[in-house]
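*Asks:* Please find target_8.cif (mmCIF, C-alpha atoms, pLDDT in the B column; chains and numbers go by the auth columns) on the next line:
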```cif
data_entry
#
loop_
_atom_site.group_PDB
_atom_site.id
_atom_site.type_symbol
_atom_site.label_atom_id
_atom_site.label_comp_id
_atom_site.label_asym_id
_atom_site.label_seq_id
_atom_site.Cartn_x
_atom_site.Cartn_y
_atom_site.Cartn_z
_atom_site.B_iso_or_equiv
_atom_site.auth_seq_id
_atom_site.auth_asym_id
ATOM 1 C CA MET A 1 32.996 0.039 67.074 86.00 1 A
ATOM 2 C CA VAL A 2 30.326 -1.909 65.201 93.00 2 A
ATOM 3 C CA PRO A 3 28.711 1.186 63.618 90.00 3 A
ATOM 4 C CA GLN A 4 32.111 2.477 62.472 89.00 4 A
ATOM 5 C CA LEU A 5 33.103 -0.906 61.041 93.00 5 A
ATOM 6 C CA ASP A 6 29.739 -1.133 59.256 93.00 6 A
ATOM 7 C CA LYS A 7 30.323 2.281 57.645 91.00 7 A
ATOM 8 C CA LEU A 8 33.895 1.499 56.646 91.00 8 A
ATOM 9 C CA ARG A 9 32.862 -1.851 55.165 93.00 9 A
ATOM 10 C CA ASP A 10 30.016 -0.228 53.233 92.00 10 A
ATOM 11 C CA LEU A 11 32.441 2.364 51.833 90.00 11 A
ATOM 12 C CA GLY A 12 34.717 -0.418 50.569 89.00 12 A
ATOM 13 C CA VAL A 13 37.506 -0.222 53.136 91.00 13 A
ATOM 14 C CA ARG A 14 38.888 -3.703 53.790 92.00 14 A
ATOM 15 C CA HIS A 15 41.935 -3.258 56.076 94.00 15 A
ATOM 16 C CA ILE A 16 41.167 -1.740 59.462 94.00 16 A
ATOM 17 C CA GLU A 17 43.375 -1.519 62.537 95.00 17 A
ATOM 18 C CA ILE A 18 42.039 -1.641 66.081 95.00 18 A
ATOM 19 C CA ALA A 19 44.315 -0.266 68.789 93.00 19 A
ATOM 20 C CA TRP A 20 45.491 -2.765 71.358 94.00 20 A
ATOM 21 C CA GLY A 21 44.167 -2.111 74.846 90.00 21 A
ATOM 22 C CA PRO A 22 45.190 -3.674 78.159 88.00 22 A
ATOM 23 C CA GLY A 23 41.630 -4.084 79.425 82.00 23 A
ATOM 24 C CA ALA A 24 40.420 -7.459 80.651 78.00 24 A
ATOM 25 C CA ASP A 25 37.647 -7.714 78.055 94.00 25 A
ATOM 26 C CA TRP A 26 39.693 -6.527 75.074 95.00 26 A
ATOM 27 C CA ILE A 27 40.492 -10.013 73.711 96.00 27 A
ATOM 28 C CA ALA A 28 36.868 -11.223 73.888 96.00 28 A
ATOM 29 C CA GLN A 29 35.541 -8.004 72.370 96.00 29 A
ATOM 30 C CA CYS A 30 38.008 -8.228 69.499 97.00 30 A
ATOM 31 C CA GLN A 31 37.214 -11.897 68.885 97.00 31 A
ATOM 32 C CA GLN A 32 33.565 -10.900 68.597 97.00 32 A
ATOM 33 C CA LEU A 33 34.372 -8.105 66.118 97.00 33 A
ATOM 34 C CA ILE A 34 36.545 -10.420 64.028 98.00 34 A
ATOM 35 C CA ALA A 35 33.752 -13.012 63.910 97.00 35 A
ATOM 36 C CA SER A 36 31.139 -10.351 63.085 97.00 36 A
ATOM 37 C CA PHE A 37 33.117 -8.907 60.155 97.00 37 A
ATOM 38 C CA PRO A 38 34.697 -11.844 58.285 97.00 38 A
ATOM 39 C CA GLU A 39 34.875 -9.788 55.076 96.00 39 A
ATOM 40 C CA LEU A 40 37.248 -7.292 56.743 97.00 40 A
ATOM 41 C CA ARG A 41 40.924 -7.825 57.455 97.00 41 A
ATOM 42 C CA LEU A 42 41.129 -6.564 60.998 97.00 42 A
ATOM 43 C CA GLY A 43 44.579 -5.821 62.325 97.00 43 A
ATOM 44 C CA ALA A 44 45.800 -4.745 65.720 97.00 44 A
ATOM 45 C CA ALA A 45 47.677 -1.474 66.135 96.00 45 A
ATOM 46 C CA SER A 46 50.064 -0.097 68.747 96.00 46 A
ATOM 47 C CA ILE A 47 51.802 -3.375 69.563 98.00 47 A
ATOM 48 C CA CYS A 48 54.822 -2.372 71.672 97.00 48 A
ATOM 49 C CA SER A 49 55.192 -5.195 74.179 97.00 49 A
ATOM 50 C CA GLN A 50 55.223 -8.952 74.455 97.00 50 A
ATOM 51 C CA ALA A 51 51.968 -8.798 76.453 96.00 51 A
ATOM 52 C CA ALA A 52 50.271 -6.812 73.699 97.00 52 A
ATOM 53 C CA LEU A 53 51.478 -9.250 71.043 98.00 53 A
ATOM 54 C CA GLU A 54 50.251 -12.272 73.003 97.00 54 A
ATOM 55 C CA ALA A 55 46.813 -10.649 73.426 96.00 55 A
ATOM 56 C CA VAL A 56 46.656 -9.870 69.716 97.00 56 A
ATOM 57 C CA LEU A 57 47.590 -13.441 68.817 97.00 57 A
ATOM 58 C CA GLU A 58 44.946 -14.806 71.186 96.00 58 A
ATOM 59 C CA ALA A 59 42.301 -12.478 69.756 97.00 59 A
ATOM 60 C CA GLY A 60 42.956 -13.846 66.256 97.00 60 A
ATOM 61 C CA PHE A 61 43.800 -10.711 64.290 98.00 61 A
ATOM 62 C CA ALA A 62 44.874 -11.034 60.656 96.00 62 A
ATOM 63 C CA TYR A 63 47.986 -8.864 61.189 98.00 63 A
ATOM 64 C CA GLY A 64 49.512 -6.369 63.574 98.00 64 A
ATOM 65 C CA VAL A 65 51.228 -3.008 63.365 98.00 65 A
ATOM 66 C CA SER A 66 53.732 -1.468 65.741 98.00 66 A
ATOM 67 C CA PRO A 67 55.039 2.084 66.008 97.00 67 A
ATOM 68 C CA ILE A 68 58.483 0.628 66.835 98.00 68 A
ATOM 69 C CA LEU A 69 61.036 -1.772 65.402 98.00 69 A
ATOM 70 C CA ASP A 70 61.586 -4.514 67.989 98.00 70 A
ATOM 71 C CA SER A 71 63.454 -7.651 66.889 97.00 71 A
ATOM 72 C CA ARG A 72 62.000 -9.738 69.761 98.00 72 A
ATOM 73 C CA LEU A 73 58.438 -8.897 68.759 98.00 73 A
ATOM 74 C CA LEU A 74 59.249 -9.673 65.119 98.00 74 A
ATOM 75 C CA ALA A 75 60.829 -13.028 66.067 98.00 75 A
ATOM 76 C CA ARG A 76 57.818 -14.028 68.190 98.00 76 A
ATOM 77 C CA SER A 77 55.457 -12.977 65.394 98.00 77 A
ATOM 78 C CA ALA A 78 57.392 -15.007 62.836 97.00 78 A
ATOM 79 C CA ALA A 79 57.368 -18.050 65.128 97.00 79 A
ATOM 80 C CA ALA A 80 53.575 -17.722 65.373 98.00 80 A
ATOM 81 C CA GLY A 81 53.166 -17.289 61.607 97.00 81 A
ATOM 82 C CA PHE A 82 51.794 -13.803 62.238 98.00 82 A
ATOM 83 C CA THR A 83 52.558 -10.683 60.194 98.00 83 A
ATOM 84 C CA LEU A 84 53.756 -7.799 62.356 98.00 84 A
ATOM 85 C CA VAL A 85 54.509 -4.557 60.516 98.00 85 A
ATOM 86 C CA PRO A 86 57.181 -2.598 62.391 98.00 86 A
ATOM 87 C CA GLY A 87 57.354 1.163 62.627 98.00 87 A
ATOM 88 C CA VAL A 88 60.431 2.831 61.178 98.00 88 A
ATOM 89 C CA MET A 89 61.590 6.396 60.802 97.00 89 A
ATOM 90 C CA SER A 90 65.348 6.661 60.401 97.00 90 A
ATOM 91 C CA PRO A 91 67.442 5.194 57.578 97.00 91 A
ATOM 92 C CA THR A 92 69.028 2.918 60.188 97.00 92 A
ATOM 93 C CA GLU A 93 65.618 1.548 61.200 98.00 93 A
ATOM 94 C CA VAL A 94 64.580 1.023 57.567 98.00 94 A
ATOM 95 C CA ASN A 95 67.817 -0.853 56.884 97.00 95 A
ATOM 96 C CA ARG A 96 67.484 -2.895 60.083 98.00 96 A
ATOM 97 C CA ALA A 97 63.893 -3.835 59.234 98.00 97 A
ATOM 98 C CA ARG A 98 65.027 -4.933 55.798 96.00 98 A
ATOM 99 C CA SER A 99 67.871 -6.998 57.285 96.00 99 A
ATOM 100 C CA LEU A 100 65.363 -8.660 59.644 96.00 100 A
ATOM 101 C CA GLY A 101 63.325 -9.746 56.614 95.00 101 A
ATOM 102 C CA CYS A 102 60.483 -7.240 56.884 97.00 102 A
ATOM 103 C CA SER A 103 58.857 -6.839 53.497 97.00 103 A
ATOM 104 C CA VAL A 104 56.398 -4.244 54.863 98.00 104 A
ATOM 105 C CA VAL A 105 57.121 -1.311 57.186 98.00 105 A
ATOM 106 C CA LYS A 106 55.161 1.553 58.674 98.00 106 A
ATOM 107 C CA LEU A 107 56.780 4.974 58.223 98.00 107 A
ATOM 108 C CA PHE A 108 55.857 6.603 61.526 97.00 108 A
ATOM 109 C CA PRO A 109 55.176 9.374 62.230 96.00 109 A
ATOM 110 C CA ALA A 110 55.043 10.229 58.560 96.00 110 A
ATOM 111 C CA THR A 111 54.204 13.915 58.959 95.00 111 A
ATOM 112 C CA THR A 112 57.402 14.395 60.961 95.00 112 A
ATOM 113 C CA VAL A 113 59.679 13.322 58.098 96.00 113 A
ATOM 114 C CA GLY A 114 57.614 14.834 55.281 95.00 114 A
ATOM 115 C CA ILE A 115 56.095 13.759 52.020 96.00 115 A
ATOM 116 C CA GLY A 116 59.263 13.183 49.962 94.00 116 A
ATOM 117 C CA TYR A 117 61.245 11.362 52.637 97.00 117 A
ATOM 118 C CA TRP A 118 60.646 7.766 51.524 97.00 118 A
ATOM 119 C CA ARG A 119 61.713 8.423 47.939 95.00 119 A
ATOM 120 C CA ARG A 120 64.866 10.182 49.193 95.00 120 A
ATOM 121 C CA LEU A 121 65.900 6.984 51.011 96.00 121 A
ATOM 122 C CA ARG A 122 66.045 4.866 47.838 92.00 122 A
ATOM 123 C CA ASP A 123 69.416 6.004 46.524 93.00 123 A
ATOM 124 C CA PRO A 124 71.408 5.969 49.769 95.00 124 A
ATOM 125 C CA LEU A 125 69.880 2.709 51.050 96.00 125 A
ATOM 126 C CA GLY A 126 69.614 0.984 47.690 92.00 126 A
ATOM 127 C CA ALA A 127 66.642 -0.804 46.226 87.00 127 A
ATOM 128 C CA PRO A 128 64.475 -2.525 46.951 92.00 128 A
ATOM 129 C CA LEU A 129 63.017 -0.799 49.956 95.00 129 A
ATOM 130 C CA PRO A 130 60.220 -2.572 51.830 97.00 130 A
ATOM 131 C CA PHE A 131 56.567 -1.868 50.994 98.00 131 A
ATOM 132 C CA CYS A 132 55.890 1.369 52.870 98.00 132 A
ATOM 133 C CA ILE A 133 52.730 2.362 54.736 98.00 133 A
ATOM 134 C CA ALA A 134 52.872 6.035 55.708 98.00 134 A
ATOM 135 C CA ALA A 135 51.060 6.640 59.003 96.00 135 A
ATOM 136 C CA GLY A 136 50.782 9.258 61.680 94.00 136 A
ATOM 137 C CA GLY A 137 49.031 12.590 61.348 91.00 137 A
ATOM 138 C CA LEU A 138 47.767 12.110 57.802 94.00 138 A
ATOM 139 C CA LYS A 139 44.333 13.198 56.538 91.00 139 A
ATOM 140 C CA PRO A 140 42.260 11.923 53.600 90.00 140 A
ATOM 141 C CA SER A 141 43.490 14.877 51.522 90.00 141 A
ATOM 142 C CA ASP A 142 47.090 13.685 52.100 94.00 142 A
ATOM 143 C CA VAL A 143 46.639 10.197 50.668 94.00 143 A
ATOM 144 C CA LEU A 144 47.017 10.835 46.930 94.00 144 A
ATOM 145 C CA PRO A 145 49.995 13.219 47.296 96.00 145 A
ATOM 146 C CA TRP A 146 51.802 10.726 49.534 97.00 146 A
ATOM 147 C CA LEU A 147 51.138 7.868 47.115 95.00 147 A
ATOM 148 C CA GLU A 148 52.429 10.027 44.261 94.00 148 A
ATOM 149 C CA ALA A 149 55.521 10.798 46.369 96.00 149 A
ATOM 150 C CA GLY A 150 56.486 7.122 46.501 94.00 150 A
ATOM 151 C CA VAL A 151 54.908 5.384 49.485 97.00 151 A
ATOM 152 C CA ASP A 152 52.875 2.262 48.756 96.00 152 A
ATOM 153 C CA ALA A 153 49.961 2.825 51.142 95.00 153 A
ATOM 154 C CA VAL A 154 48.663 5.380 53.638 96.00 154 A
ATOM 155 C CA ALA A 155 47.014 4.679 56.989 95.00 155 A
ATOM 156 C CA LEU A 156 44.432 7.089 58.331 91.00 156 A
ATOM 157 C CA GLY A 157 43.391 7.242 61.948 83.00 157 A
ATOM 158 C CA ALA A 158 42.488 10.128 64.198 73.00 158 A
ATOM 159 C CA SER A 159 41.794 12.408 61.231 70.00 159 A
ATOM 160 C CA LEU A 160 38.778 10.224 60.433 72.00 160 A
ATOM 161 C CA VAL A 161 37.296 9.996 63.897 62.00 161 A
ATOM 162 C CA GLY A 162 38.567 13.047 65.741 53.00 162 A
ATOM 163 C CA SER A 163 39.873 12.903 69.260 46.00 163 A
ATOM 164 C CA ALA A 164 36.736 11.604 71.007 45.00 164 A
ATOM 165 C CA GLN A 165 36.839 8.008 72.176 50.00 165 A
ATOM 166 C CA GLY A 166 34.322 5.603 73.655 49.00 166 A
ATOM 167 C CA PRO A 167 30.520 5.602 73.508 48.00 167 A
ATOM 168 C CA ALA A 168 30.317 9.400 73.360 48.00 168 A
ATOM 169 C CA ALA A 169 32.561 9.559 70.281 51.00 169 A
ATOM 170 C CA ALA A 170 31.064 11.425 67.373 53.00 170 A
ATOM 171 C CA PRO A 171 30.608 9.421 64.182 62.00 171 A
ATOM 172 C CA PHE A 172 33.290 10.021 61.626 66.00 172 A
ATOM 173 C CA ALA A 173 32.583 11.994 58.474 69.00 173 A
ATOM 174 C CA THR A 174 32.170 9.610 55.564 79.00 174 A
ATOM 175 C CA ASP A 175 32.196 12.176 52.737 81.00 175 A
ATOM 176 C CA PRO A 176 35.980 12.850 52.737 79.00 176 A
ATOM 177 C CA LEU A 177 36.658 9.122 52.829 80.00 177 A
ATOM 178 C CA ARG A 178 34.077 8.370 50.113 84.00 178 A
ATOM 179 C CA GLN A 179 35.634 11.046 47.862 85.00 179 A
ATOM 180 C CA LEU A 180 39.114 9.688 48.509 85.00 180 A
ATOM 181 C CA LEU A 181 38.130 6.113 47.708 84.00 181 A
ATOM 182 C CA ALA A 182 36.514 7.245 44.438 84.00 182 A
ATOM 183 C CA ALA A 183 39.703 9.093 43.457 86.00 183 A
ATOM 184 C CA LEU A 184 42.128 6.238 44.194 83.00 184 A
ATOM 185 C CA PRO A 185 43.503 4.376 41.214 76.00 185 A
ATOM 186 C CA THR A 186 42.289 0.808 40.921 70.00 186 A
ATOM 187 C CA ARG A 187 44.963 -1.724 41.835 60.00 187 A
ATOM 188 C CA PRO A 188 44.948 -5.324 40.640 53.00 188 A
#
```
Once you've parsed the file, please lay out its structure as C-alpha coordinates.
*Replies:*
Amino acid sequence: MVPQLDKLRDLGVRHIEIAWGPGADWIAQCQQLIASFPELRLGAASICSQAALEAVLEAGFAYGVSPILDSRLLARSAAAGFTLVPGVMSPTEVNRARSLGCSVVKLFPATTVGIGYWRRLRDPLGAPLPFCIAAGGLKPSDVLPWLEAGVDAVALGASLVGSAQGPAAAPFATDPLRQLLAALPTRP
(Lines of atoms letter the chains of each structure in order from A and count residues from 1; the text may use other names and numbers.)
(Lines give C-alpha, C1' and ligand atoms only; values in the text may rest on other atoms or scores of the structure.)
Protein backbone atom coordinates (compact mmCIF):
# COMPACT_ATOMS: atom_id res chain seq x y z
CA MET A 1 0.00 0.00 0.00
CA VAL A 2 2.95 2.36 0.42
CA PRO A 3 3.10 3.36 -3.28
CA GLN A 4 -0.65 4.05 -3.33
CA LEU A 5 -0.49 6.09 -0.12
CA ASP A 6 2.47 8.04 -1.51
CA LYS A 7 0.48 8.90 -4.66
CA LEU A 8 -2.65 9.86 -2.74
CA ARG A 9 -0.64 12.04 -0.35
CA ASP A 10 1.14 13.74 -3.24
CA LEU A 11 -2.22 14.46 -4.89
CA GLY A 12 -3.45 16.15 -1.71
CA VAL A 13 -5.77 13.46 -0.37
CA ARG A 14 -5.68 13.46 3.43
CA HIS A 15 -8.37 10.98 4.58
CA ILE A 16 -7.81 7.40 3.48
CA GLU A 17 -9.54 4.24 4.65
CA ILE A 18 -7.83 0.87 4.85
CA ALA A 19 -10.10 -2.17 4.93
CA TRP A 20 -9.95 -4.24 8.09
CA GLY A 21 -8.54 -7.71 7.57
CA PRO A 22 -8.50 -10.69 9.94
CA GLY A 23 -4.91 -11.67 9.15
CA ALA A 24 -2.40 -12.12 11.96
CA ASP A 25 -0.07 -9.40 10.68
CA TRP A 26 -2.76 -6.82 9.89
CA ILE A 27 -2.38 -4.82 13.13
CA ALA A 28 1.43 -4.57 12.86
CA GLN A 29 1.27 -3.67 9.17
CA CYS A 30 -1.27 -0.94 9.84
CA GLN A 31 0.74 0.44 12.76
CA GLN A 32 3.70 0.70 10.40
CA LEU A 33 1.62 2.52 7.76
CA ILE A 34 0.22 4.93 10.34
CA ALA A 35 3.73 5.70 11.60
CA SER A 36 5.05 6.10 8.04
CA PHE A 37 2.34 8.58 6.99
CA PRO A 38 1.74 10.92 9.95
CA GLU A 39 0.42 13.63 7.61
CA LEU A 40 -2.48 11.38 6.55
CA ARG A 41 -5.58 10.61 8.57
CA LEU A 42 -5.80 6.88 8.10
CA GLY A 43 -9.09 5.26 8.98
CA ALA A 44 -10.20 1.66 9.05
CA ALA A 45 -13.08 0.50 6.88
CA SER A 46 -15.47 -2.45 6.99
CA ILE A 47 -15.76 -2.67 10.77
CA CYS A 48 -18.65 -5.08 11.38
CA SER A 49 -17.64 -6.98 14.51
CA GLN A 50 -16.25 -6.49 17.97
CA ALA A 51 -13.06 -8.32 16.92
CA ALA A 52 -12.57 -5.94 14.00
CA LEU A 53 -13.11 -2.91 16.22
CA GLU A 54 -10.62 -4.15 18.82
CA ALA A 55 -8.00 -4.72 16.10
CA VAL A 56 -8.60 -1.25 14.70
CA LEU A 57 -8.26 0.31 18.15
CA GLU A 58 -5.03 -1.60 18.77
CA ALA A 59 -3.62 -0.54 15.40
CA GLY A 60 -4.15 3.13 16.30
CA PHE A 61 -6.33 4.37 13.45
CA ALA A 62 -7.65 7.94 13.54
CA TYR A 63 -11.25 6.82 12.87
CA GLY A 64 -13.28 3.91 11.59
CA VAL A 65 -16.13 3.35 9.17
CA SER A 66 -18.71 0.59 9.14
CA PRO A 67 -21.19 -0.46 6.47
CA ILE A 68 -23.73 -1.14 9.26
CA LEU A 69 -25.37 0.62 12.18
CA ASP A 70 -24.55 -1.38 15.31
CA SER A 71 -25.25 0.24 18.69
CA ARG A 72 -22.78 -2.07 20.51
CA LEU A 73 -19.93 -1.09 18.20
CA LEU A 74 -20.84 2.59 18.61
CA ALA A 75 -20.94 2.26 22.42
CA ARG A 76 -17.54 0.54 22.52
CA SER A 77 -16.10 3.18 20.19
CA ALA A 78 -17.44 5.99 22.34
CA ALA A 79 -16.02 4.37 25.48
CA ALA A 80 -12.61 4.25 23.76
CA GLY A 81 -12.86 7.87 22.58
CA PHE A 82 -12.81 6.61 18.99
CA THR A 83 -14.91 7.94 16.11
CA LEU A 84 -16.81 5.18 14.32
CA VAL A 85 -18.93 6.29 11.36
CA PRO A 86 -21.88 3.92 10.93
CA GLY A 87 -23.40 2.92 7.63
CA VAL A 88 -27.03 3.85 7.06
CA MET A 89 -29.46 3.43 4.21
CA SER A 90 -33.07 3.59 5.35
CA PRO A 91 -34.80 6.54 7.01
CA THR A 92 -35.10 4.37 10.13
CA GLU A 93 -31.33 3.83 10.23
CA VAL A 94 -30.63 7.54 9.69
CA ASN A 95 -33.00 8.43 12.52
CA ARG A 96 -31.55 5.73 14.79
CA ALA A 97 -28.00 6.93 14.11
CA ARG A 98 -29.06 10.46 14.96
CA SER A 99 -30.74 9.28 18.19
CA LEU A 100 -27.52 7.43 19.12
CA GLY A 101 -25.62 10.72 18.81
CA CYS A 102 -23.89 10.09 15.49
CA SER A 103 -22.96 13.40 13.93
CA VAL A 104 -21.48 11.66 10.85
CA VAL A 105 -22.94 8.75 8.86
CA LYS A 106 -22.01 6.82 5.76
CA LEU A 107 -24.82 6.48 3.21
CA PHE A 108 -24.16 2.97 1.93
CA PRO A 109 -24.47 1.75 -0.73
CA ALA A 110 -25.12 5.17 -2.17
CA THR A 111 -25.66 4.08 -5.77
CA THR A 112 -28.53 1.86 -4.64
CA VAL A 113 -30.59 4.77 -3.27
CA GLY A 114 -29.59 7.32 -5.91
CA ILE A 115 -28.19 10.80 -6.07
CA GLY A 116 -31.15 12.77 -4.67
CA TYR A 117 -31.98 10.43 -1.81
CA TRP A 118 -30.24 12.28 1.04
CA ARG A 119 -31.90 15.60 0.25
CA ARG A 120 -35.30 13.86 0.08
CA LEU A 121 -34.85 12.68 3.68
CA ARG A 122 -34.59 16.20 5.13
CA ASP A 123 -38.28 17.09 5.17
CA PRO A 124 -39.70 13.83 6.52
CA LEU A 125 -36.94 13.31 9.10
CA GLY A 126 -36.47 16.96 10.00
CA ALA A 127 -33.25 18.90 10.23
CA PRO A 128 -30.53 18.65 11.08
CA LEU A 129 -29.45 15.43 9.45
CA PRO A 130 -25.99 14.10 10.30
CA PHE A 131 -22.99 14.95 8.11
CA CYS A 132 -23.33 12.49 5.23
CA ILE A 133 -20.55 10.62 3.43
CA ALA A 134 -21.92 8.92 0.31
CA ALA A 135 -20.07 5.66 -0.38
CA GLY A 136 -20.45 2.53 -2.41
CA GLY A 137 -20.11 2.26 -6.16
CA LEU A 138 -19.20 5.89 -6.81
CA LYS A 139 -16.60 7.08 -9.34
CA PRO A 140 -14.58 10.31 -9.48
CA SER A 141 -17.05 11.68 -12.03
CA ASP A 142 -19.86 11.18 -9.47
CA VAL A 143 -18.33 13.31 -6.72
CA LEU A 144 -19.38 16.82 -7.78
CA PRO A 145 -22.96 15.83 -8.73
CA TRP A 146 -23.43 14.06 -5.40
CA LEU A 147 -22.06 17.04 -3.47
CA GLU A 148 -24.39 19.33 -5.41
CA ALA A 149 -27.27 16.96 -4.56
CA GLY A 150 -26.78 17.53 -0.83
CA VAL A 151 -24.32 15.04 0.64
CA ASP A 152 -21.39 16.48 2.56
CA ALA A 153 -18.62 14.18 1.33
CA VAL A 154 -18.06 11.28 -1.07
CA ALA A 155 -15.87 8.23 -0.50
CA LEU A 156 -14.21 6.56 -3.46
CA GLY A 157 -12.86 3.04 -3.39
CA ALA A 158 -12.82 0.30 -5.97
CA SER A 159 -13.39 2.77 -8.81
CA LEU A 160 -9.90 4.14 -8.13
CA VAL A 161 -8.03 0.88 -7.91
CA GLY A 162 -10.10 -1.61 -9.87
CA SER A 163 -10.81 -5.09 -8.65
CA ALA A 164 -7.23 -6.38 -8.38
CA GLN A 165 -5.85 -6.79 -4.89
CA GLY A 166 -2.47 -7.63 -3.43
CA PRO A 167 1.02 -7.30 -4.92
CA ALA A 168 -0.21 -7.91 -8.46
CA ALA A 169 -2.72 -5.05 -8.26
CA ALA A 170 -2.38 -2.51 -11.02
CA PRO A 171 -1.62 1.04 -9.92
CA PHE A 172 -4.62 3.29 -9.86
CA ALA A 173 -5.09 6.01 -12.45
CA THR A 174 -4.19 9.36 -10.94
CA ASP A 175 -5.50 11.60 -13.74
CA PRO A 176 -9.24 11.28 -12.89
CA LEU A 177 -8.48 11.91 -9.23
CA ARG A 178 -6.15 14.84 -10.00
CA GLN A 179 -8.85 16.43 -12.21
CA LEU A 180 -11.48 15.90 -9.52
CA LEU A 181 -9.35 17.45 -6.80
CA ALA A 182 -8.68 20.50 -9.00
CA ALA A 183 -12.42 20.93 -9.61
CA LEU A 184 -13.51 20.67 -5.96
CA PRO A 185 -14.46 23.89 -4.24
CA THR A 186 -12.06 24.96 -1.52
CA ARG A 187 -13.48 24.45 1.96
CA PRO A 188 -12.28 26.35 5.02
*Asks:* Which residues, named as in the file, does the PyMOL selection byres ((chain A and resi 93) around 12) pick out? Answer as a list in words.
*Replies:*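 Output of the PyMOL selection byres ((chain A and resi 93) around 12): Pro67, Ile68, Leu69, Asp70, Ser71, Pro86, Gly87, Val88, Met89, Ser90, Pro91, Thr92, Val94, Asn95, Arg96, Ala97, Arg98, Ser99, Leu100, Cys102, Val105, Lys106, Leu107, Phe108, Leu121, Leu125, Leu129 and Pro130 of chain A.
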*Asks:* Calculate how many Å separate CA of Ile16 (chain A) from CA of Ala44 (chain A), rounding to one decimal.
*Replies:*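 Rounded to one decimal, the two atoms are 8.3 Å apart.
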*Asks:* Interatomic distance between CA of Asp152 (chain A) and CA of Ala134 (chain A)?
*Replies:*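 These atoms are spaced 7.9 Å apart.
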*Asks:* How far is it from CA of Glu148 (chain A) to CA of Thr83 (chain A), in Å with one decimal?
*Replies:*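 About the pair CA of Glu148 (chain A) and CA of Thr83 (chain A): they are 26.1 Å apart.
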*Asks:* Counting all atoms listed in the file, figure out which residue out of A:Gly12, A:Gly101, A:Pro22, A:Gly116 gets nearest to Leu147 (chain A).
*Replies:*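 Looking only at the distances to Leu147 (chain A), the closest residue turns out to be A:Gly116.
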*Asks:* Can you translate the PyMOL selection byres ((chain A and resi 57) around 12) into the concrete residues it hits in this file, as an NGL selection string?
*Replies:* :A and (20 or 27 or 30-31 or 43-44 or 47 or 50-56 or 58-64 or 73 or 76-84)
*Asks:* Tell me which residues the PyMOL selection byres ((chain A and resi 136) around 7) grabs here, as a PyMOL selection string.
*Replies:* chain A and resi 108-111+135+137-138
*Asks:* Show which residues sit within 12 Å of Asp175 (chain A), as a PDB file with C-alpha atoms, keeping the file's coordinate frame. Count all atoms listed in the file, and ignore same-chain residues fewer than 6 positions away.
*Replies:*
```
ATOM      1  CA  LYS A   7      30.323   2.281  57.645  1.00 91.00           C
ATOM      2  CA  LEU A   8      33.895   1.499  56.646  1.00 91.00           C
ATOM      3  CA  LEU A  11      32.441   2.364  51.833  1.00 90.00           C
ATOM      4  CA  PRO A 140      42.260  11.923  53.600  1.00 90.00           C
ATOM      5  CA  SER A 141      43.490  14.877  51.522  1.00 90.00           C
ATOM      6  CA  LEU A 160      38.778  10.224  60.433  1.00 72.00           C
ATOM      7  CA  LEU A 181      38.130   6.113  47.708  1.00 84.00           C
ATOM      8  CA  ALA A 182      36.514   7.245  44.438  1.00 84.00           C
TER       9      ALA A 182
END
```
*Asks:* Tell me which of A:Asp6, A:Arg41, A:Pro128, A:Ala183 sits closest to Val143 (chain A), counting all atoms listed in the file.
*Replies:*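 Looking at the shortest contact to Val143 (chain A), the residue is A:Ala183.
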*Asks:* Given all atoms listed in the file as the basis, pick out the residue of A:Asp142, A:Asp123, A:Glu17, A:Glu39 nearest to Met1 (chain A).
*Replies:*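 Nearest to Met1 (chain A): A:Glu17.
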*Asks:* Calculated over all atoms listed in the file, which of the candidates A:Ser66, A:Ser49, A:Ser103, A:Ser159 has the smallest distance to Leu177 (chain A)?
*Replies:*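 So, comparing all the options, the nearest one is A:Ser159.
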*Asks:* Can you tell me, as AutoDock Vina command-line options, the centre and edge lengths (Å, one decimal) of the axis-aligned box enclosing all of region 34-43 of chain A's listed atoms after padding each side by 3 Å?
*Replies:*
```
--center_x 37.9 --center_y -9.4 --center_z 59.6 --size_x 19.4 --size_y 13.2 --size_z 15.0
```
*Asks:* Rebuild N, CA and C atoms on region 146-162 of chain A, as an mmCIF file, in the frame of the given file?
*Replies:*
```cif
data_model
loop_
_atom_site.group_PDB
_atom_site.id
_atom_site.type_symbol
_atom_site.label_atom_id
_atom_site.label_comp_id
_atom_site.auth_asym_id
_atom_site.auth_seq_id
_atom_site.Cartn_x
_atom_site.Cartn_y
_atom_site.Cartn_z
ATOM 1 N N TRP A 146 50.803 11.629 48.971
ATOM 2 C CA TRP A 146 51.802 10.726 49.534
ATOM 3 C C TRP A 146 52.034 9.508 48.632
ATOM 4 N N LEU A 147 50.964 8.984 48.054
ATOM 5 C CA LEU A 147 51.138 7.868 47.115
ATOM 6 C C LEU A 147 51.958 8.311 45.914
ATOM 7 N N GLU A 148 51.667 9.485 45.395
ATOM 8 C CA GLU A 148 52.429 10.027 44.261
ATOM 9 C C GLU A 148 53.879 10.278 44.624
ATOM 10 N N ALA A 149 54.158 10.532 45.907
ATOM 11 C CA ALA A 149 55.521 10.798 46.369
ATOM 12 C C ALA A 149 56.314 9.524 46.645
ATOM 13 N N GLY A 150 55.705 8.350 46.439
ATOM 14 C CA GLY A 150 56.486 7.122 46.501
ATOM 15 C C GLY A 150 56.169 6.116 47.581
ATOM 16 N N VAL A 151 55.270 6.433 48.531
ATOM 17 C CA VAL A 151 54.908 5.384 49.485
ATOM 18 C C VAL A 151 53.911 4.449 48.814
ATOM 19 N N ASP A 152 53.750 3.262 49.363
ATOM 20 C CA ASP A 152 52.875 2.262 48.756
ATOM 21 C C ASP A 152 51.450 2.282 49.287
ATOM 22 N N ALA A 153 51.281 2.769 50.511
ATOM 23 C CA ALA A 153 49.961 2.825 51.142
ATOM 24 C C ALA A 153 49.981 3.918 52.203
ATOM 25 N N VAL A 154 48.801 4.353 52.606
ATOM 26 C CA VAL A 154 48.663 5.380 53.638
ATOM 27 C C VAL A 154 47.619 4.908 54.647
ATOM 28 N N ALA A 155 47.953 5.020 55.921
ATOM 29 C CA ALA A 155 47.014 4.679 56.989
ATOM 30 C C ALA A 155 46.430 5.965 57.554
ATOM 31 N N LEU A 156 45.127 5.950 57.741
ATOM 32 C CA LEU A 156 44.432 7.089 58.331
ATOM 33 C C LEU A 156 43.892 6.668 59.683
ATOM 34 N N GLY A 157 43.881 7.576 60.617
ATOM 35 C CA GLY A 157 43.391 7.242 61.948
ATOM 36 C C GLY A 157 42.580 8.356 62.537
ATOM 37 N N ALA A 158 43.191 9.092 63.439
ATOM 38 C CA ALA A 158 42.488 10.128 64.198
ATOM 39 C C ALA A 158 41.844 11.172 63.299
ATOM 40 N N SER A 159 42.390 11.406 62.122
ATOM 41 C CA SER A 159 41.794 12.408 61.231
ATOM 42 C C SER A 159 40.408 11.984 60.757
ATOM 43 N N LEU A 160 40.106 10.702 60.833
ATOM 44 C CA LEU A 160 38.778 10.224 60.433
ATOM 45 C C LEU A 160 37.768 10.308 61.565
ATOM 46 N N VAL A 161 38.232 10.085 62.776
ATOM 47 C CA VAL A 161 37.296 9.996 63.897
ATOM 48 C C VAL A 161 37.427 11.117 64.906
ATOM 49 N N GLY A 162 38.387 11.980 64.762
ATOM 50 C CA GLY A 162 38.567 13.047 65.741
ATOM 51 C C GLY A 162 39.217 12.510 66.991
#
```
